[in-house]
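**Q** File entry-v4.pdb below, PDB, C-alpha atoms:
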ATOM      1  CA  MET A 911      -6.549 -10.424 -30.544
ATOM      2  CA  ARG A 912      -7.016 -11.656 -26.976
ATOM      3  CA  ASN A 913      -9.273  -9.603 -24.718
ATOM      4  CA  LEU A 914      -8.020  -8.278 -21.418
ATOM      5  CA  ILE A 915     -10.625  -8.561 -18.686
ATOM      6  CA  LEU A 916      -9.659  -7.852 -15.067
ATOM      7  CA  GLU A 917     -12.129  -8.094 -12.224
ATOM      8  CA  PRO A 918     -12.073  -5.232  -9.727
ATOM      9  CA  THR A 919     -10.347  -5.617  -6.351
ATOM     10  CA  PRO A 920     -10.334  -3.203  -3.369
ATOM     11  CA  LYS A 921      -7.196  -1.626  -4.849
ATOM     12  CA  THR A 922      -7.458  -2.117  -8.599
ATOM     13  CA  PRO A 923     -10.057  -1.143 -11.190
ATOM     14  CA  LYS A 924     -12.290  -3.216 -13.390
ATOM     15  CA  VAL A 925     -10.754  -3.464 -16.837
ATOM     16  CA  ILE A 926     -12.528  -4.450 -20.037
ATOM     17  CA  LEU A 927     -10.451  -4.287 -23.180
ATOM     18  CA  ASN A 928     -12.373  -6.071 -25.912
ATOM     19  CA  SER A 929     -11.628  -5.090 -29.486
ATOM     20  CA  ASP A 930     -14.253  -7.542 -30.881
ATOM     21  CA  ILE A 931     -17.135  -5.505 -29.443
ATOM     22  CA  ASN A 932     -15.158  -2.233 -29.411
ATOM     23  CA  VAL A 933     -15.313  -1.742 -25.632
ATOM     24  CA  PHE A 934     -12.376  -0.188 -23.785
ATOM     25  CA  GLU A 935     -13.085   0.624 -20.173
ATOM     26  CA  VAL A 936     -11.251   1.178 -16.910
ATOM     27  CA  SER A 937     -13.508   1.823 -13.917
ATOM     28  CA  GLY A 938     -13.513   1.823 -10.135
ATOM     29  CA  ARG A 939     -10.563   2.496  -7.888
ATOM     30  CA  SER A 940      -6.904   2.399  -8.723
ATOM     31  CA  ILE A 941      -4.808   2.559  -5.575
ATOM     32  CA  PRO A 942      -2.313  -0.326  -5.800
ATOM     33  CA  GLU A 943       1.120   0.041  -4.165
ATOM     34  CA  ASP A 944       2.665  -1.402  -7.317
ATOM     35  CA  SER A 945       0.928   0.596 -10.036
ATOM     36  CA  VAL A 946       3.696  -0.047 -12.544
ATOM     37  CA  GLY A 947       3.151  -3.805 -12.252
ATOM     38  CA  PHE A 948      -0.596  -3.472 -12.582
ATOM     39  CA  TYR A 949      -0.602  -1.106 -15.571
ATOM     40  CA  ARG A 950       2.052  -3.025 -17.496
ATOM     41  CA  LYS A 951      -0.627  -5.535 -18.609
ATOM     42  CA  ILE A 952      -2.832  -2.740 -19.905
ATOM     43  CA  LEU A 953      -0.001  -0.875 -21.629
ATOM     44  CA  ASP A 954       1.177  -4.090 -23.306
ATOM     45  CA  TRP A 955      -2.359  -4.787 -24.490
ATOM     46  CA  VAL A 956      -2.672  -1.320 -26.017
ATOM     47  CA  ASP A 957       0.685  -1.748 -27.792
ATOM     48  CA  GLU A 958      -0.640  -4.920 -29.367
ATOM     49  CA  TYR A 959      -4.005  -3.325 -30.220
ATOM     50  CA  ALA A 960      -2.285  -0.346 -31.850
ATOM     51  CA  LYS A 961      -0.823  -2.645 -34.524
ATOM     52  CA  SER A 962      -4.309  -3.041 -36.060
ATOM     53  CA  PRO A 963      -6.797  -0.786 -34.274
ATOM     54  CA  ASN A 964     -10.545  -0.603 -34.897
ATOM     55  CA  PRO A 965     -11.872   2.248 -37.087
ATOM     56  CA  LYS A 966     -12.969   4.098 -33.950
ATOM     57  CA  THR A 967     -11.575   3.733 -30.432
ATOM     58  CA  ASN A 968     -13.413   5.289 -27.506
ATOM     59  CA  PHE A 969     -11.409   4.588 -24.349
ATOM     60  CA  ARG A 970     -13.579   5.207 -21.313
ATOM     61  CA  PHE A 971     -12.357   5.943 -17.796
ATOM     62  CA  GLN A 972     -14.648   6.160 -14.837
ATOM     63  CA  LEU A 973     -12.537   6.237 -11.706
ATOM     64  CA  GLU A 974     -13.692   6.715  -8.167
ATOM     65  CA  TYR A 975     -10.217   7.041  -6.641
ATOM     66  CA  PHE A 976      -6.679   6.788  -7.894
ATOM     67  CA  ASN A 977      -3.360   7.233  -6.127
ATOM     68  CA  THR A 978      -0.478   9.320  -7.405
ATOM     69  CA  SER A 979       1.508   6.313  -8.569
ATOM     70  CA  SER A 980      -1.454   5.335 -10.783
ATOM     71  CA  SER A 981      -1.632   8.882 -12.104
ATOM     72  CA  LYS A 982       1.707   8.517 -13.885
ATOM     73  CA  CYS A 983       0.700   5.136 -15.321
ATOM     74  CA  LEU A 984      -2.553   6.629 -16.581
ATOM     75  CA  LEU A 985      -0.582   9.348 -18.350
ATOM     76  CA  ASP A 986       1.582   6.666 -19.984
ATOM     77  CA  LEU A 987      -1.614   4.971 -21.175
ATOM     78  CA  PHE A 988      -3.031   8.261 -22.503
ATOM     79  CA  ARG A 989       0.249   8.911 -24.324
ATOM     80  CA  LYS A 990      -0.135   5.620 -26.182
ATOM     81  CA  LEU A 991      -3.668   6.601 -27.208
ATOM     82  CA  GLU A 992      -2.408  10.039 -28.214
ATOM     83  CA  LYS A 993       0.195   8.381 -30.417
ATOM     84  CA  LEU A 994      -2.507   6.258 -32.049
ATOM     85  CA  HIS A 995      -4.536   9.417 -32.676
ATOM     86  CA  LYS A 996      -1.554  11.219 -34.157
ATOM     87  CA  GLY A 997      -0.992   8.232 -36.423
ATOM     88  CA  GLY A 998      -4.280   9.123 -38.122
ATOM     89  CA  HIS A 999      -6.699   6.922 -36.199
ATOM     90  CA  ASP A1000     -10.006   7.976 -34.707
ATOM     91  CA  VAL A1001      -9.395   7.966 -30.948
ATOM     92  CA  VAL A1002     -11.356   9.567 -28.132
ATOM     93  CA  ILE A1003     -10.667   9.411 -24.402
ATOM     94  CA  THR A1004     -13.766   9.796 -22.242
ATOM     95  CA  TRP A1005     -13.165  10.784 -18.633
ATOM     96  CA  SER A1006     -16.362  10.344 -16.608
ATOM     97  CA  TYR A1007     -16.649  11.594 -13.065
ATOM     98  CA  ASP A1008     -19.270  11.871 -10.383
ATOM     99  CA  ALA A1009     -21.082  15.217 -10.750
ATOM    100  CA  ASP A1010     -20.095  16.410  -7.280
ATOM    101  CA  ASP A1011     -16.525  15.101  -7.395
ATOM    102  CA  GLU A1012     -14.526  18.280  -8.043
ATOM    103  CA  ASP A1013     -11.190  16.561  -7.459
ATOM    104  CA  MET A1014     -11.848  13.975 -10.176
ATOM    105  CA  GLU A1015     -13.042  16.694 -12.538
ATOM    106  CA  GLU A1016      -9.909  18.695 -11.827
ATOM    107  CA  THR A1017      -7.606  15.739 -12.456
ATOM    108  CA  GLY A1018      -9.395  15.191 -15.747
ATOM    109  CA  GLU A1019      -8.620  18.809 -16.605
ATOM    110  CA  ASP A1020      -4.975  18.250 -15.636
ATOM    111  CA  TYR A1021      -4.710  15.403 -18.140
ATOM    112  CA  LYS A1022      -6.593  17.208 -20.858
ATOM    113  CA  ALA A1023      -4.152  20.120 -20.548
ATOM    114  CA  LEU A1024      -1.181  17.805 -21.091
ATOM    115  CA  LEU A1025      -2.530  15.843 -24.047
ATOM    116  CA  GLU A1026      -3.115  16.334 -27.742
ATOM    117  CA  VAL A1027      -5.885  13.831 -28.244
ATOM    118  CA  PRO A1028      -9.671  14.351 -28.030
ATOM    119  CA  PHE A1029     -10.381  14.179 -24.313
ATOM    120  CA  ASP A1030     -14.006  14.452 -23.216
ATOM    121  CA  LEU A1031     -14.863  15.307 -19.642
ATOM    122  CA  VAL A1032     -18.276  13.902 -18.783
ATOM    123  CA  SER A1033     -20.084  14.639 -15.557
ATOM    124  CA  ILE A1034     -22.466  11.830 -14.586
TER     125      ILE A1034
ATOM    126  CA  MET B1253      -2.942   2.184  32.589
ATOM    127  CA  THR B1254      -5.526   1.181  29.994
ATOM    128  CA  TYR B1255      -7.842   3.923  31.163
ATOM    129  CA  SER B1256      -5.178   6.585  30.760
ATOM    130  CA  TYR B1257      -4.528   5.406  27.179
ATOM    131  CA  TYR B1258      -8.233   5.605  26.531
ATOM    132  CA  LYS B1259      -8.620   9.089  28.024
ATOM    133  CA  ASN B1260      -5.543  10.313  26.211
ATOM    134  CA  MET B1261      -6.825   9.085  22.856
ATOM    135  CA  GLN B1262     -10.248  10.536  23.544
ATOM    136  CA  LEU B1263      -8.820  13.926  24.529
ATOM    137  CA  ASN B1264      -6.752  14.038  21.349
ATOM    138  CA  ASN B1265      -9.694  12.907  19.203
ATOM    139  CA  ILE B1266      -7.759   9.897  17.973
ATOM    140  CA  ILE B1267      -9.795   7.326  16.055
ATOM    141  CA  PHE B1268      -6.922   5.082  15.161
ATOM    142  CA  VAL B1269      -3.290   4.649  16.098
ATOM    143  CA  TYR B1270      -0.739   2.068  15.003
ATOM    144  CA  GLN B1271       2.920   1.587  15.749
ATOM    145  CA  GLY B1272       4.917  -1.107  13.993
ATOM    146  CA  GLU B1273       5.990  -2.398  10.602
ATOM    147  CA  VAL B1274       3.925  -1.310   7.625
ATOM    148  CA  THR B1275       2.968  -3.903   5.030
ATOM    149  CA  ALA B1276       0.755  -3.562   1.960
ATOM    150  CA  ASP B1277      -1.871  -5.766   3.642
ATOM    151  CA  LEU B1278      -1.848  -3.574   6.730
ATOM    152  CA  VAL B1279      -2.407  -0.462   4.620
ATOM    153  CA  SER B1280      -5.336  -2.193   2.877
ATOM    154  CA  SER B1281      -6.879  -3.181   6.186
ATOM    155  CA  ILE B1282      -6.576   0.309   7.665
ATOM    156  CA  LEU B1283      -8.103   1.878   4.562
ATOM    157  CA  GLN B1284     -10.981  -0.573   4.576
ATOM    158  CA  MET B1285     -11.623  -0.058   8.283
ATOM    159  CA  MET B1286     -11.516   3.725   7.971
ATOM    160  CA  GLU B1287     -13.757   3.677   4.921
ATOM    161  CA  ASN B1288     -16.344   1.695   6.898
ATOM    162  CA  LYS B1289     -15.971   4.101   9.786
ATOM    163  CA  LEU B1290     -16.520   7.168   7.574
ATOM    164  CA  GLU B1291     -19.499   5.439   5.983
ATOM    165  CA  GLY B1292     -20.946   4.475   9.359
ATOM    166  CA  ASP B1293     -20.553   8.005  10.685
ATOM    167  CA  GLY B1294     -22.627   9.243   7.763
ATOM    168  CA  GLU B1295     -19.889  11.615   6.663
ATOM    169  CA  ASP B1296     -20.534  13.840   3.650
ATOM    170  CA  LYS B1297     -19.583  12.119   0.396
ATOM    171  CA  LYS B1298     -17.140  14.814  -0.715
ATOM    172  CA  ILE B1299     -15.361  14.915   2.650
ATOM    173  CA  LYS B1300     -15.259  11.140   2.747
ATOM    174  CA  LYS B1301     -13.523  11.036  -0.643
ATOM    175  CA  LYS B1302     -10.964  13.661   0.318
ATOM    176  CA  VAL B1303     -10.164  11.944   3.624
ATOM    177  CA  PHE B1304      -9.836   8.599   1.866
ATOM    178  CA  ASN B1305      -7.529  10.068  -0.772
ATOM    179  CA  VAL B1306      -5.318  11.747   1.810
ATOM    180  CA  MET B1307      -5.151   8.517   3.841
ATOM    181  CA  VAL B1308      -4.119   6.521   0.751
ATOM    182  CA  GLU B1309      -1.298   8.917  -0.095
ATOM    183  CA  CYS B1310      -0.033   9.333   3.479
ATOM    184  CA  LEU B1311      -0.041   5.615   4.288
ATOM    185  CA  GLN B1312       1.429   4.554   0.952
ATOM    186  CA  ASN B1313       4.073   7.236   1.277
ATOM    187  CA  VAL B1314       5.279   5.623   4.512
ATOM    188  CA  TYR B1315       4.928   2.136   3.047
ATOM    189  CA  HIS B1316       7.105   3.034   0.039
ATOM    190  CA  HIS B1317       9.646   4.797   2.229
ATOM    191  CA  LEU B1318      10.070   1.761   4.508
ATOM    192  CA  ASP B1319      10.025  -0.594   1.541
ATOM    193  CA  THR B1320      12.990   1.119  -0.107
ATOM    194  CA  LEU B1321      15.271   0.833   2.937
ATOM    195  CA  GLU B1322      18.255  -1.368   2.279
ATOM    196  CA  VAL B1323      18.377  -4.558   4.280
ATOM    197  CA  GLY B1324      21.160  -4.380   6.851
ATOM    198  CA  ALA B1325      21.830  -0.682   6.255
ATOM    199  CA  ASN B1326      20.754   0.141   9.751
ATOM    200  CA  THR B1327      23.611  -0.570  12.153
ATOM    201  CA  ASP B1328      22.017   1.299  15.037
ATOM    202  CA  SER B1329      20.512  -1.298  17.332
ATOM    203  CA  ASP B1330      18.623   1.310  19.354
ATOM    204  CA  ILE B1331      16.519   2.286  16.392
ATOM    205  CA  ASN B1332      14.113   0.213  14.372
ATOM    206  CA  ASP B1333      13.966   2.219  11.178
ATOM    207  CA  ARG B1334      11.386  -0.140   9.688
ATOM    208  CA  THR B1335       8.608   0.803  12.033
ATOM    209  CA  ALA B1336       6.314   3.761  11.765
ATOM    210  CA  LEU B1337       3.542   5.542  13.594
ATOM    211  CA  LEU B1338       0.184   5.977  11.856
ATOM    212  CA  MET B1339      -2.566   8.061  13.406
ATOM    213  CA  ILE B1340      -5.975   9.187  12.250
ATOM    214  CA  GLY B1341      -8.187  11.562  14.170
ATOM    215  CA  LYS B1342     -11.396  13.492  13.931
ATOM    216  CA  GLU B1343     -11.583  16.903  15.540
ATOM    217  CA  GLU B1344     -14.455  19.326  15.583
ATOM    218  CA  LYS B1345     -13.342  21.033  12.371
ATOM    219  CA  ASP B1346     -10.972  18.606  10.695
ATOM    220  CA  TYR B1347      -9.985  15.054  10.061
ATOM    221  CA  TYR B1348      -6.252  14.586  10.414
ATOM    222  CA  VAL B1349      -3.788  11.955   9.279
ATOM    223  CA  ILE B1350      -0.397  11.824  10.975
ATOM    224  CA  THR B1351       2.492   9.592   9.994
ATOM    225  CA  GLY B1352       5.872   9.295  11.656
ATOM    226  CA  ASN B1353       9.001   7.407  10.692
ATOM    227  CA  HIS B1354      12.758   7.547  11.106
ATOM    228  CA  ILE B1355      14.748   9.114   8.322
ATOM    229  CA  ILE B1356      18.475   9.428   7.783
ATOM    230  CA  ASN B1357      19.618  12.955   8.652
ATOM    231  CA  SER B1358      21.222  13.536   5.255
ATOM    232  CA  ARG B1359      17.781  13.334   3.627
ATOM    233  CA  ILE B1360      16.226  16.070   5.749
ATOM    234  CA  THR B1361      17.307  19.075   3.679
ATOM    235  CA  ASN B1362      15.824  17.748   0.461
ATOM    236  CA  LEU B1363      12.570  16.691   2.096
ATOM    237  CA  ARG B1364      12.202  19.966   3.991
ATOM    238  CA  ASP B1365      12.764  21.936   0.767
ATOM    239  CA  ARG B1366      10.041  19.962  -0.996
ATOM    240  CA  LEU B1367       7.603  20.458   1.877
ATOM    241  CA  GLU B1368       8.336  24.173   2.094
ATOM    242  CA  LYS B1369       7.853  24.519  -1.640
ATOM    243  CA  VAL B1370       4.473  22.762  -1.461
ATOM    244  CA  ASN B1371       3.378  24.851   1.535
ATOM    245  CA  ASN B1372       4.324  28.071  -0.233
ATOM    246  CA  CYS B1373       2.118  27.294  -3.235
ATOM    247  CA  ASP B1374      -1.440  28.522  -3.572
ATOM    248  CA  LYS B1375      -4.133  26.383  -5.189
ATOM    249  CA  ASN B1376      -3.244  27.302  -8.766
ATOM    250  CA  GLU B1377       0.484  26.939  -8.200
ATOM    251  CA  LEU B1378      -0.084  23.459  -6.765
ATOM    252  CA  LYS B1379      -2.067  22.552  -9.864
ATOM    253  CA  ALA B1380       0.744  23.793 -12.110
ATOM    254  CA  LEU B1381       3.394  21.984 -10.052
ATOM    255  CA  TYR B1382       1.352  18.775 -10.167
ATOM    256  CA  GLN B1383       1.056  18.961 -13.955
ATOM    257  CA  THR B1384       4.767  19.676 -14.387
ATOM    258  CA  ILE B1385       5.900  16.752 -12.247
ATOM    259  CA  LEU B1386       3.273  14.440 -13.715
ATOM    260  CA  ASN B1387       4.527  15.275 -17.189
ATOM    261  CA  ASP B1388       8.294  15.346 -16.548
ATOM    262  CA  GLY B1389       8.877  13.164 -13.527
ATOM    263  CA  GLU B1390      10.056   9.644 -14.109
ATOM    264  CA  LEU B1391       8.522   6.936 -11.969
ATOM    265  CA  SER B1392      10.854   5.414  -9.445
ATOM    266  CA  GLU B1393      11.050   1.638  -9.473
ATOM    267  CA  LYS B1394       8.329   1.434  -6.836
ATOM    268  CA  GLY B1395       6.016   3.614  -8.834
ATOM    269  CA  THR B1396       6.246   6.685  -6.672
ATOM    270  CA  ALA B1397       6.132   9.723  -8.862
ATOM    271  CA  GLY B1398       7.120  12.411  -6.357
ATOM    272  CA  LEU B1399       3.560  13.629  -6.588
ATOM    273  CA  GLY B1400       2.357  12.406  -3.215
ATOM    274  CA  MET B1401       3.016  15.531  -1.142
ATOM    275  CA  ILE B1402       1.520  17.787  -3.809
ATOM    276  CA  ASP B1403      -1.583  15.638  -4.091
ATOM    277  CA  ILE B1404      -2.002  15.547  -0.303
ATOM    278  CA  ALA B1405      -1.733  19.350  -0.177
ATOM    279  CA  ARG B1406      -4.251  19.745  -3.008
ATOM    280  CA  LYS B1407      -6.815  17.434  -1.450
ATOM    281  CA  SER B1408      -6.221  18.817   2.028
ATOM    282  CA  GLY B1409      -6.558  22.449   1.004
ATOM    283  CA  GLN B1410      -4.485  23.322   4.083
ATOM    284  CA  LYS B1411      -0.781  23.654   4.871
ATOM    285  CA  LEU B1412       0.984  20.398   5.659
ATOM    286  CA  GLY B1413       2.340  20.122   9.185
ATOM    287  CA  TYR B1414       5.762  18.525   9.589
ATOM    288  CA  ASP B1415       8.581  18.106  12.036
ATOM    289  CA  PHE B1416      12.047  16.592  12.128
ATOM    290  CA  HIS B1417      12.793  15.495  15.664
ATOM    291  CA  PRO B1418      16.527  14.795  16.148
ATOM    292  CA  VAL B1419      17.138  11.289  17.481
ATOM    293  CA  ASN B1420      20.902  10.819  17.157
ATOM    294  CA  ASP B1421      23.827  11.486  14.789
ATOM    295  CA  LYS B1422      22.324   9.379  12.069
ATOM    296  CA  TYR B1423      18.544   9.553  12.453
ATOM    297  CA  SER B1424      15.693  11.947  12.970
ATOM    298  CA  PHE B1425      12.030  11.173  13.413
ATOM    299  CA  PHE B1426      10.008  12.717  10.613
ATOM    300  CA  SER B1427       6.337  13.414  11.147
ATOM    301  CA  LEU B1428       3.811  14.644   8.642
ATOM    302  CA  GLU B1429       0.328  15.908   9.387
ATOM    303  CA  ALA B1430      -2.389  16.479   6.786
ATOM    304  CA  LYS B1431      -5.816  17.841   7.594
ATOM    305  CA  VAL B1432      -9.101  17.731   5.742
ATOM    306  CA  ALA B1433     -11.776  20.209   6.780
ATOM    307  CA  ARG B1434     -15.110  18.650   7.761
ATOM    308  CA  VAL B1435     -17.157  21.476   6.308
TER     309      VAL B1435
END
Could you show the structure in this file as structure tokens?
**A**
Amino acid sequence: MRNLILEPTPKTPKVILNSDINVFEVSGRSIPEDSVGFYRKILDWVDEYAKSPNPKTNFRFQLEYFNTSSSKCLLDLFRKLEKLHKGGHDVVITWSYDADDEDMEETGEDYKALLEVPFDLVSI
Amino acid sequence: MTYSYYKNMQLNNIIFVYQGEVTADLVSSILQMMENKLEGDGEDKKIKKKVFNVMVECLQNVYHHLDTLEVGANTDSDINDRTALLMIGKEEKDYYVITGNHIINSRITNLRDRLEKVNNCDKNELKALYQTILNDGELSEKGTAGLGMIDIARKSGQKLGYDFHPVNDKYSFFSLEAKVARV
């Protein structure tokens, strides 16, 4: 399938979704006014990927900032990965955060509490 | 005249003030400028992040509010309901972000209830409220999840300041103040 590669901007994260090399990453800042518009591309990609996923999917997030409208879109994305996991596939979400960023750690905990999919919090 | 503006801003520890229409580009520019300013002042990384987060939510909150106003709905020529006031300051103990905009009087009760609810929550209750709304709340068309105030309160760690100043039969001027401690 086609890869989805988005270069970072001051308001949107870097996105690498490449099933050929098994890399799924969203990193940087996510503070667009129109989060729904931005995340639609990613959600659509994951829908397509879920039709024939790789044996193991490790979806990595390393965000510096995100706004509250992105937070809902991120949950929608996690829900899709949760669904894939519940369908019997090997899926892990990795949430990396700066070691001294308590807010980002806490938001990771918020998500983990809401989801039934392996969700690793990694301090870096 | 100019000097009195200057002294007034200095006395009130104002770094930045803007009055006018709020576009997405304007919000980007303010954020970028303030990020450079925080960087240049050598502010602590944690504080810098919190201030930046609170600025994003406060400014985008106003942007979304103005953006959802119906064209031509305002029949009151004395009031430009599409303009807002944005202020950022640095006091001895806190950074503060203040926004002000007109709102229709009928919306006050709902907004005041939400603000009171947020201000009556402790840290753990805010966390629980955030999770509940994140999980249940539907996104509005503009992508606002009703989480903004809660997130601002969480990052701020202090009570939100607010006021509804009556303007006329139809409008009030709503102001919101969020602080982030510098220590």
**Q** Tell me which residues the ChimeraX specification (/B :<9) & /A grabs here, as a list in words.
**A**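 That expression, the ChimeraX specification (/B :<9) & /A, corresponds here to Pro920, Lys921, Ile941, Pro942, Glu943, Asp944, Ser945, Val946, Gly947, Glu974, Tyr975, Phe976, Asn977, Thr978, Ser979, Ser980, Ser981, Lys982, Cys983, Leu985, Asp1010, Asp1011, Glu1012, Asp1013, Glu1016, Asp1020, Tyr1021, Ala1023 and Leu1024 of chain A.
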**Q** Starting from the shown file, work through the PyMOL selection byres ((chain A and resi 988) around 10) and note down what comes out as a list in words.
**A**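 Expected selection for the PyMOL selection byres ((chain A and resi 988) around 10) here is Leu953, Phe969, Lys982, Cys983, Leu984, Leu985, Asp986, Leu987, Arg989, Lys990, Leu991, Glu992, Lys993, Leu994, Ile1003, Tyr1021, Lys1022, Leu1024, Leu1025, Glu1026, Val1027 and Phe1029 of chain A.
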**Q** Would you translate the PyMOL selection byres ((chain B and resi 1347) around 9) into the concrete set of residues it matches in this file, as a list in words?
**A**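 Applied to this file, the PyMOL selection byres ((chain B and resi 1347) around 9) returns Val1303, Ile1340, Gly1341, Lys1342, Glu1343, Glu1344, Lys1345, Asp1346, Tyr1348, Val1349, Ala1430, Lys1431, Val1432, Ala1433 and Arg1434 of chain B.
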**Q** Can you write just those residues out, C-alpha atoms, as a PDB file, in the coordinates of the input?
**A**
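As a result, part.pdb now contains:
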ATOM      1  CA  VAL B1303     -10.164  11.944   3.624  1.00  0.00           C
ATOM      2  CA  ILE B1340      -5.975   9.187  12.250  1.00  0.00           C
ATOM      3  CA  GLY B1341      -8.187  11.562  14.170  1.00  0.00           C
ATOM      4  CA  LYS B1342     -11.396  13.492  13.931  1.00  0.00           C
ATOM      5  CA  GLU B1343     -11.583  16.903  15.540  1.00  0.00           C
ATOM      6  CA  GLU B1344     -14.455  19.326  15.583  1.00  0.00           C
ATOM      7  CA  LYS B1345     -13.342  21.033  12.371  1.00  0.00           C
ATOM      8  CA  ASP B1346     -10.972  18.606  10.695  1.00  0.00           C
ATOM      9  CA  TYR B1348      -6.252  14.586  10.414  1.00  0.00           C
ATOM     10  CA  VAL B1349      -3.788  11.955   9.279  1.00  0.00           C
ATOM     11  CA  ALA B1430      -2.389  16.479   6.786  1.00  0.00           C
ATOM     12  CA  LYS B1431      -5.816  17.841   7.594  1.00  0.00           C
ATOM     13  CA  VAL B1432      -9.101  17.731   5.742  1.00  0.00           C
ATOM     14  CA  ALA B1433     -11.776  20.209   6.780  1.00  0.00           C
ATOM     15  CA  ARG B1434     -15.110  18.650   7.761  1.00  0.00           C
TER      16      ARG B1434
END
**Q** So which one's closest to A:Ser962, A:Thr1017, A:Trp1005, A:Met911, A:Thr922? Using only C-alpha atoms, please.
**A**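 Smallest separation from A:Ser962 among the options: A:Met911.
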**Q** When you draw a straight line from atom CA of A:Asp1000 to atom CA of A:Lys966, how long is it in Å?
**A**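 Separation of atom CA of A:Asp1000 and atom CA of A:Lys966: 4.9 Å.
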**Q** Using only C-alpha atoms, determine which residues lie at most 8 Å from A:Thr1004, disregarding the query and same-chain residues fewer than 3 positions distant; provide the list as a list in words.
**A** Asn968, Phe969, Arg970, Phe971, Phe1029, Asp1030, Leu1031 and Val1032 of chain A
**Q** Take the residues just selected and output them with C-alpha atoms as a PDB file, keeping the file's coordinate frame.
**A**
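Written out: result35.pdb:
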ATOM      1  CA  ASN A 968     -13.413   5.289 -27.506  1.00  0.00           C
ATOM      2  CA  PHE A 969     -11.409   4.588 -24.349  1.00  0.00           C
ATOM      3  CA  ARG A 970     -13.579   5.207 -21.313  1.00  0.00           C
ATOM      4  CA  PHE A 971     -12.357   5.943 -17.796  1.00  0.00           C
ATOM      5  CA  PHE A1029     -10.381  14.179 -24.313  1.00  0.00           C
ATOM      6  CA  ASP A1030     -14.006  14.452 -23.216  1.00  0.00           C
ATOM      7  CA  LEU A1031     -14.863  15.307 -19.642  1.00  0.00           C
ATOM      8  CA  VAL A1032     -18.276  13.902 -18.783  1.00  0.00           C
TER       9      VAL A1032
END
**Q** Please return, as a PDB file with C-alpha atoms, in the frame of the given file, all polymer residues that have at least one atom within 7 Å of the point (-17.4, 9.6, -12.2); use all atoms listed in the file and the file's own coordinate frame.
**A**
ATOM      1  CA  GLN A 972     -14.648   6.160 -14.837  1.00  0.00           C
ATOM      2  CA  LEU A 973     -12.537   6.237 -11.706  1.00  0.00           C
ATOM      3  CA  GLU A 974     -13.692   6.715  -8.167  1.00  0.00           C
ATOM      4  CA  SER A1006     -16.362  10.344 -16.608  1.00  0.00           C
ATOM      5  CA  TYR A1007     -16.649  11.594 -13.065  1.00  0.00           C
ATOM      6  CA  ASP A1008     -19.270  11.871 -10.383  1.00  0.00           C
ATOM      7  CA  ALA A1009     -21.082  15.217 -10.750  1.00  0.00           C
ATOM      8  CA  SER A1033     -20.084  14.639 -15.557  1.00  0.00           C
ATOM      9  CA  ILE A1034     -22.466  11.830 -14.586  1.00  0.00           C
TER      10      ILE A1034
END
**Q** Residues at most 10 Å from B:Ile1350, counting only C-alpha atoms, excluding those fewer than 4 positions away in the same chain, as a list in words?
**A** Val1269, Met1307, Cys1310, Leu1311, Leu1337, Leu1338, Met1339, Ile1340, Gly1341, Gly1413, Tyr1414, Ser1427, Leu1428, Glu1429, Ala1430 and Lys1431 of chain B
**Q** Step by step, gather every atom of stretch 981-985 of chain A that the file lists, find the box along x, y and z that holds them, add 4 Å on each side, and finally give centre and edge lengths in Å to one decimal, as JSON.
**A**
{"center_x": -0.4, "center_y": 7.2, "center_z": -15.2, "size_x": 12.3, "size_y": 12.2, "size_z": 14.2}
**Q** Report as a short mmCIF file (atom, residue, chain, number, x, y, z; two decimals) with C-alpha atoms, in the coordinates of the input all protein, DNA and RNA residues lying within 8 Å of B:Asn1371, evaluated on only C-alpha atoms, omitting residues in the same chain fewer than 6 positions from it.
**A**
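What follows is the written file result.cif:
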data_model
loop_
_atom_site.label_atom_id
_atom_site.label_comp_id
_atom_site.auth_asym_id
_atom_site.auth_seq_id
_atom_site.Cartn_x
_atom_site.Cartn_y
_atom_site.Cartn_z
CA ALA B 1405 -1.73 19.35 -0.18
CA LYS B 1411 -0.78 23.65 4.87
CA LEU B 1412 0.98 20.40 5.66
#
**Q** Considering all atoms listed in the file, can you say which of A:Ile915, A:Glu1015, A:Gly938, A:Thr967 comes closest to A:Trp955?
**A** A:Ile915
**Q** Will you give me stretch 1357-1363 of chain B, written with N, CA and C atoms and laid out as an mmCIF file, in the first residue's frame?
**A**
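Saved to out_14.cif:
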data_model
loop_
_atom_site.group_PDB
_atom_site.id
_atom_site.type_symbol
_atom_site.label_atom_id
_atom_site.label_comp_id
_atom_site.auth_asym_id
_atom_site.auth_seq_id
_atom_site.Cartn_x
_atom_site.Cartn_y
_atom_site.Cartn_z
ATOM 1 N N ASN B 1357 -25.512 37.139 25.622
ATOM 2 C CA ASN B 1357 -25.899 36.967 27.025
ATOM 3 C C ASN B 1357 -26.499 35.592 27.341
ATOM 4 N N SER B 1358 -27.234 35.032 26.373
ATOM 5 C CA SER B 1358 -27.891 33.752 26.642
ATOM 6 C C SER B 1358 -26.881 32.612 26.842
ATOM 7 N N ARG B 1359 -25.632 32.832 26.451
ATOM 8 C CA ARG B 1359 -24.633 31.771 26.604
ATOM 9 C C ARG B 1359 -23.897 31.828 27.944
ATOM 10 N N ILE B 1360 -24.137 32.907 28.688
ATOM 11 C CA ILE B 1360 -23.366 33.115 29.920
ATOM 12 C C ILE B 1360 -23.566 31.997 30.940
ATOM 13 N N THR B 1361 -24.837 31.637 31.184
ATOM 14 C CA THR B 1361 -25.126 30.660 32.236
ATOM 15 C C THR B 1361 -24.353 29.362 32.024
ATOM 16 N N ASN B 1362 -24.429 28.849 30.804
ATOM 17 C CA ASN B 1362 -23.751 27.596 30.493
ATOM 18 C C ASN B 1362 -22.236 27.696 30.688
ATOM 19 N N LEU B 1363 -21.676 28.783 30.195
ATOM 20 C CA LEU B 1363 -20.227 28.979 30.286
ATOM 21 C C LEU B 1363 -19.793 29.150 31.740
#
